[in-house]
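Written below as structure tokens is the structure these notes are about.
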Amino acid sequence: MRTIQIALAAIVVSVFLLLQCVFVVDQTERAILLQLGKPVGEDFGPGLNFKLPFVQNVIFFDARVLEYDSPAAEIITQDKKNMVVDNYSRWVIENPLLFYRTVRNIQGGLSRIDDIVYSQLREALGRYTLTEIVAIERSTIMEEVTAKANSLLRDYGIRVIDVRIKRTDLPKENQMAIYGRMQAERERQAKQYRSEGREEAAKITTMADRQRAVILADARRAAESARGEGEAAATAIYAQALTQDPEFYEFVRTMDAYKKTMKDQTQFVLTPESEFFKFLQ
């Protein structure tokens, strides 16, 4: 029985010592060995590896492409314009052993990336105007910043893949001033458009009034001409009727006069011998 216990204990100790002697590096990782706190050997790629138990320990680093979103910072352009730049960097730990010796961990690496990328970005943007940064030379600036930052960070075991500007804004105080100028310009344009509209409306109204006056004058002239022609025709007809039968013409004209003058409650003061009533006698 005691022999079995000893054997089981030996197996457990052996398994424990074996676990202390091996370590596995994942596909997404790189690893380095520390012996009594100091790095030894080269870094390890994916797979099963061995180490000395108790005196050596393993530190793992992410081998994937990492991204650092820098806090927005204010930068002055060549034309002395302040602008707030929000950028991000994509990077990878290229040399884990050098990375550990210089910056120790991810946090230290991010701090170094932030310092170098910001300084290079500030220097590069300072050579261009605001318009060039926003609309013309952005790609060129980013390639330049990426190359210089990568050259400086190589001494820390870091390779910068890309640096990009996400957004560019103006400081709040500048925004208010620009918005004020934009508002004043829009109000000036609005006043100009309203003035031009009123001028055009006055021209159209004047032209319409002139055309109206001309049309009314032409209509009155045509009406007077037609009325004159009608009266002339009527006079000719009356004259012809008078020559054919003067008594009948006189009778018709008198009846027409009765019709026009004798309305309801009409009173006349005439003598019986008046010529006006001769057809009523």
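Every chain in the structure tokens has a letter given in the order shown (A, B, ...), and although residue numbers restart at 1 in each chain, ligands are simply numbered from 1 in the order shown.
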Could you give me, as a Markdown table, a per-residue list for region 160-189 of chain A showing, wherever an atom lies at most 12 Å from an atom of region 122-133 of chain A, the closest pair of atoms and their distance in Å to one decimal, using only C-alpha atoms and sorting by chain then residue number from low to high?
| residue | atom | partner | partner_atom | distance |
| --- | --- | --- | --- | --- |
| A:Ile165 | CA | A:Ile133 | CA | 10.1 |
| A:Arg167 | CA | A:Ile133 | CA | 11.2 |
| A:Thr168 | CA | A:Ile133 | CA | 9.1 |
| A:Asp169 | CA | A:Leu130 | CA | 10.6 |
| A:Leu170 | CA | A:Leu130 | CA | 10.2 |
Now that the selection is made, can you save its residues with C-alpha atoms as a tab-separated table (two decimals), in the first residue's frame?
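The resulting file, result28.tsv, is shown below:
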chain	number	residue	atom	x	y	z
A	165	ILE	CA	-6.82	60.86	-39.21
A	167	ARG	CA	-11.70	63.51	-37.88
A	168	THR	CA	-10.57	67.12	-37.94
A	169	ASP	CA	-12.48	69.80	-36.06
A	170	LEU	CA	-11.99	73.40	-35.10
Worksheet item: Where in region 27-194 of chain A does DSSP assign helix (DSSP H, G or I), given as number ranges by chain?
Response: A: 96-103, 106-125, 130-136, 138-156, 172-194
Discussion item. I need the residue nearest Pro171 (chain A) from this list: A:Ala72, A:Leu8, A:Val134, A:Pro39. Use only C-alpha atoms for the distance.
Written reply: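 Ranking A:Ala72, A:Leu8, A:Val134, A:Pro39 by distance to Pro171 (chain A), first place goes to A:Ala72.
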Discussion item. Give me, as a list in words, all polymer residues having an atom no more than 9 Å from Thr146 (chain A), counting only C-alpha atoms and skipping those fewer than 4 positions away in the same chain.
Written reply: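 So, after excluding close chain neighbours, the residues are Ser89, Val117, Gln120, Ile141, Met142, Asn150, Ser151, Val160, Ile161, Asp162, Val163 and Arg164 of chain A.
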Practice prompt. Within region 151-262 of chain A, find each residue whose DSSP state, derived from the backbone, is strand (DSSP E), and express the selection as an NGL selection string.
Written response: :A and (158-169)
Take the residues from that selection and write them out as a PDB file, in the first residue's frame, keeping C-alpha atoms.
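Result saved to out30.pdb:
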ATOM      1  CA  ILE A 158       7.265  48.114 -32.767  1.00  0.00           C
ATOM      2  CA  ARG A 159       6.264  48.299 -36.427  1.00  0.00           C
ATOM      3  CA  VAL A 160       3.675  50.919 -37.359  1.00  0.00           C
ATOM      4  CA  ILE A 161       1.464  49.708 -40.171  1.00  0.00           C
ATOM      5  CA  ASP A 162      -0.701  52.764 -40.657  1.00  0.00           C
ATOM      6  CA  VAL A 163      -1.562  56.143 -39.144  1.00  0.00           C
ATOM      7  CA  ARG A 164      -4.882  57.729 -40.104  1.00  0.00           C
ATOM      8  CA  ILE A 165      -6.823  60.863 -39.210  1.00  0.00           C
ATOM      9  CA  LYS A 166     -10.387  60.004 -38.256  1.00  0.00           C
ATOM     10  CA  ARG A 167     -11.698  63.511 -37.879  1.00  0.00           C
ATOM     11  CA  THR A 168     -10.570  67.118 -37.938  1.00  0.00           C
ATOM     12  CA  ASP A 169     -12.480  69.803 -36.062  1.00  0.00           C
TER      13      ASP A 169
END
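Shortest atom-to-atom contact with Arg154 (chain A) among A:Asn95, A:Thr28, A:Thr254, A:Gln35: A:Asn95, counting only C-alpha atoms.
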